[in-house]
Structures are given as C-alpha cells and as structure tokens.
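Visitor: Got a structure for you, questions after.
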Amino acid sequence: MPTVPDPAPCNQDEQLYECLECGKRLCSSESLAACPGCEGTLQNLSRPRPE
Ligand SMILES: [Zn+2]
C-alpha cells in the first residue's frame, strides 16, 4: 500500500472526509453523509483535536 501523502489542507474548523467509493477527499465544516460527486459513503478522516 503506497504511502498516502498529506491530505488536502483543511481549515481548523473543517473536517476531512474521504469517499470510500471514488477516493475523493474534501473538507467541510458541515457533517457530510455522502460524496457530492458520486454519492458514495464518506469516511471522516479528521482526528479529534487535543483539548
Ligand atoms: Zn465519491
């Protein structure tokens, strides 16, 4: 499995999502349930921020 480069930069108040269907990554400050491109399932890749 190739090393995944740093994901697209997101603002601090945004979450990084990756589509499980097409692999597209996107940032959103809203909770997304589906990929806007293919409507595939989105996985939230953002880690919880340390308090
Ligand atoms: Zn997709």
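Labels for the structure tokens follow display order: chains A, B, ..., residues from 1 in each chain, ligands from 1.
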Residues at most 9 Å from A:Cys10, counting only C-alpha atoms, excluding those fewer than 4 positions away in the same chain, as a ChimeraX atom specification?

Guide: /A:14-16,26-28

Visitor: At a cut-off of 7 Å and counting only C-alpha atoms and all ligand atoms, what residues surround ligand 1? Please answer as an MDAnalysis selection string.

Guide: chainID A and resid 19:24 35:40

Visitor: For the residues selected in the previous step, produce a file with C-alpha atoms as a PDB file, in the first residue's frame.

Guide:
```pdb
ATOM      1  CA  CYS A  19     -15.106   8.982  -0.244  1.00  0.00           C
ATOM      2  CA  LEU A  20     -14.966   5.221   0.058  1.00  0.00           C
ATOM      3  CA  GLU A  21     -16.255   4.860  -3.477  1.00  0.00           C
ATOM      4  CA  CYS A  22     -14.135   7.198  -5.590  1.00  0.00           C
ATOM      5  CA  GLY A  23     -11.397   8.138  -3.132  1.00  0.00           C
ATOM      6  CA  LYS A  24     -12.063  11.830  -3.404  1.00  0.00           C
ATOM      7  CA  CYS A  35     -19.907  12.206  -1.573  1.00  0.00           C
ATOM      8  CA  PRO A  36     -21.080  15.165  -3.640  1.00  0.00           C
ATOM      9  CA  GLY A  37     -19.517  13.577  -6.692  1.00  0.00           C
ATOM     10  CA  CYS A  38     -20.737  10.002  -6.629  1.00  0.00           C
ATOM     11  CA  GLU A  39     -22.932   9.931  -3.532  1.00  0.00           C
ATOM     12  CA  GLY A  40     -20.696   7.252  -2.065  1.00  0.00           C
TER      13      GLY A  40
END
```

Visitor: Between A:Asn11, A:Tyr17, A:Arg25, A:Glu30, which is the closest to A:Ser46 once you count only C-alpha atoms?

Guide: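 Of all the options, A:Tyr17 lies closest to A:Ser46.
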